[in-house]
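**Q** A single structure is presented below for examination.
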Amino acid sequence: MGLNQEQQERFDCTLQHLLEFVNANRGSCIYFEAPILSSKDIVNGMRISLDLWEDTSQIGAFLERPELMPNGFDAHAARGWMHALRGPFYVKRAVGDKAILLYDDFAFEVCSINRNWENVIPHQPDVVYTTLIPFDGRIISDGFLIHHRSAVQGPGRRRLNRSLNRALRRGIISSVEEFMPIADELTQKRKQGQLEPNAGVIWMDFVAAINEVSAESCFPYEILDKEIPLALRRESAS
């Protein structure tokens with residue numbers, strides 16, 4: 001099963017107050033305050049999360065301010081979120097409370113928060129954007145997820161399935177202890193422009209989509225040039 005009610009409340013409190021703190025420092029959105037209650041809050045929260053997961057040292061800065069932590073804030077969980085891994089991820093099939101998400105030849109078993117995965121990702125297989133984080137000994141997403149709203153088809157699907165098969169032969173990553181160092185390694189690769197070019201294009205498309213839906217209340221998120229895969233930088237320069 002997904003998270004129980006107590007876990008959901010603790011997760012929501014912790015994440016939403018971190019987003020509030022990051023927005024106060026970065027000014028990503030004109031107005032944001034926990035708790036998230038409306039569809040606009042969700043959009044703004046997703047936009048702010050780009051800044052949170054890009055620089056998780058902000059979590060450490062928050063933890064140094066215990067006077068800012070409300071009742072229900074889980075400092076231990078927040079510390080683990082410094083090992084976040086953001087997408088894009090390929091999902092071949094996701095049913096019930098467990099999904100296998102693929103990133104760069106690594107397959108992660110991800111537990112749902114409060115909905116069955118087939119309701120969260122209705123078109124499968126799909127490529128989705130979300131961020132994976134450890135929580136109570138399991139890997140979950142940050143609760144913000146967008147997808148293409150259509151199943152992946154054609155040569156791209158065959159390429160992704162080959163990558164998934166390689167990852168499955170390596171073994172599915174389900175433990176937090178194994179997840180955190182791998183997430184750190186993959187994040188450094190992304191920040192150094194070592195994303196596979198197709199994944200880089202998808203990542204830029206997702207950022208553009210988030211910027212579009214949040215345009216009325218947030219400043220656009222800008223991807224650093226050094227993060228764009230080298231092959232794509234060459235294409236744009238030619």
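FYI, nothing fancy with the structure tokens labels: chains A, B, ... in order, residues from 1 per chain, ligands from 1 as they appear.
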Excluding stretch 137-147 of chain A and its own-chain neighbours fewer than 3 positions away, which residues fall within 6 Å of it when counting only C-alpha atoms? Please give them as a list in words.
**A** Met46, Val110, Cys111, Val128, Tyr129, Thr130, Thr131, Leu132, Ile133, Pro134 and Val176 of chain A
**Q** Taking 3 positions as the minimum chain separation for residues in the same chain, which residues sit within 6 Å of A:Phe106 when counting only C-alpha atoms? Answer as an MDAnalysis selection string.
**A** chainID A and resid 102:103 167
**Q** Neighbouring residues of A:Ser49 were defined as those with any atom within 10 Å, considering only C-alpha atoms; residues of the same chain fewer than 3 positions away were excluded. Please report them as a list in words.
**A**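 Close residues of A:Ser49: Leu15, Gln16, Leu18, Leu19, Glu20, Val22, Asn23, Ser28, Val43, Asn44, Gly45, Met46, Leu52, Trp53, Glu54, Asp55, Thr130, Thr131, Asp142 and Phe144 of chain A.
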**Q** As a ChimeraX atom specification, list the residues of stretch 18-62 of chain A assigned to alpha helix (DSSP H) by DSSP on the backbone atoms of this structure.
**A** /A:18-26,39-54,57-62
**Q** Rank A:Thr56, A:Asn116, A:Gln124, A:Asn71 by their smallest atom-to-atom distance to A:Val91, using only C-alpha atoms, and report the top residue only.
**A**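 Among the listed residues, A:Gln124 lies closest to A:Val91.
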**Q** Have a look at A:Val127, A:Ile36, A:Ile121, A:Ile172 and name the one nearest to A:Glu109; count only C-alpha atoms.
**A**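 For A:Glu109, the nearest of the given residues is A:Ile172.
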**Q** Might you pull out every residue within 9 Å of A:Ala94, with only C-alpha atoms counted and same-chain residues fewer than 4 positions away left off, and present them as a PyMOL selection string?
**A** chain A and resi 98-101+116-118+121+124-125
**Q** For the selection you just gave me, I'd like the residues written to a file as a CSV table (one decimal), in the first residue's frame, keeping N, CA and C atoms.
**A**
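Produced file result28.csv, reproduced below:
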chain,number,residue,atom,x,y,z
A,98,LYS,N,3.2,0.1,-6.6
A,98,LYS,CA,4.6,0.0,-7.0
A,98,LYS,C,4.8,0.3,-8.4
A,99,ALA,N,5.8,1.0,-8.8
A,99,ALA,CA,6.2,1.3,-10.2
A,99,ALA,C,7.7,1.2,-10.3
A,100,ILE,N,8.1,0.7,-11.5
A,100,ILE,CA,9.5,0.7,-11.8
A,100,ILE,C,9.8,1.8,-12.8
A,101,LEU,N,10.6,2.8,-12.3
A,101,LEU,CA,11.0,3.9,-13.1
A,101,LEU,C,12.5,3.8,-13.5
A,116,ASN,N,-3.1,4.7,-6.8
A,116,ASN,CA,-2.5,3.7,-7.6
A,116,ASN,C,-1.8,4.3,-8.8
A,117,TRP,N,-0.7,3.7,-9.1
A,117,TRP,CA,0.1,4.3,-10.2
A,117,TRP,C,-0.6,4.3,-11.5
A,118,GLU,N,-1.5,3.4,-11.8
A,118,GLU,CA,-2.2,3.4,-13.1
A,118,GLU,C,-3.1,4.6,-13.2
A,121,ILE,N,-0.4,7.6,-13.8
A,121,ILE,CA,0.1,7.5,-15.2
A,121,ILE,C,-0.8,6.6,-16.0
A,124,GLN,N,0.4,4.2,-20.6
A,124,GLN,CA,1.6,3.4,-20.4
A,124,GLN,C,1.9,2.6,-21.7
A,125,PRO,N,3.2,2.5,-22.0
A,125,PRO,CA,4.4,3.1,-21.4
A,125,PRO,C,4.5,4.6,-21.6
**Q** Quick one: everything within 12 Å of A:Arg190, counting only C-alpha atoms, minus sequence neighbours fewer than 2 positions away in the same chain. Send it as a PyMOL selection string.
**A** chain A and resi 54+85-88+103-104+183-188+192-197+199-200+203+223-230
**Q** Would you compute the distance between atom CA of A:Asp74 and atom CA of A:Lys40? Give it in Å to one decimal.
**A** 25.1 Å
**Q** Please, what distance in Å, to one decimal, runs between atom CA of A:Leu63 and atom CA of A:Ser174?
**A** 26.7 Å
**Q** Could you pull out the strand (DSSP E or B) residues of stretch 91-134 of chain A from DSSP and send them as a list in words?
**A**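 So the strand (DSSP E or B) residues in stretch 91-134 of chain A would be Val91, Ala94, Val95, Lys98, Ala99, Ile100, Leu101, Leu102, Tyr103, Phe106, Ala107, Phe108, Glu109, Val110, Cys111, Asp126, Val127, Val128, Tyr129, Thr131, Leu132, Ile133 and Pro134 of chain A.
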**Q** State, in Å with one decimal place, the distance from atom CA of A:His83 to atom CA of A:Ala107.
**A**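 Rounded to one decimal, the two atoms are 16.3 Å apart.
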**Q** Which residue, A:Leu164, A:His17, A:Pro220, A:Gln8, has the smallest gap to A:Ser112 when you use only C-alpha atoms?
**A**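 Closest candidate: A:Gln8.
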**Q** For A:Gly27, which of A:Asn4, A:Leu232, A:Phe219, A:Phe135 is the closest residue, counting only C-alpha atoms?
**A**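 Distance minimum relative to A:Gly27 lands on A:Phe219.
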**Q** Pick out the closest residue to A:Gln7 from this set: A:Asn119, A:Asn211, A:Asn161, A:Asn114. Count only C-alpha atoms.
**A**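 Of all the options, A:Asn114 lies closest to A:Gln7.
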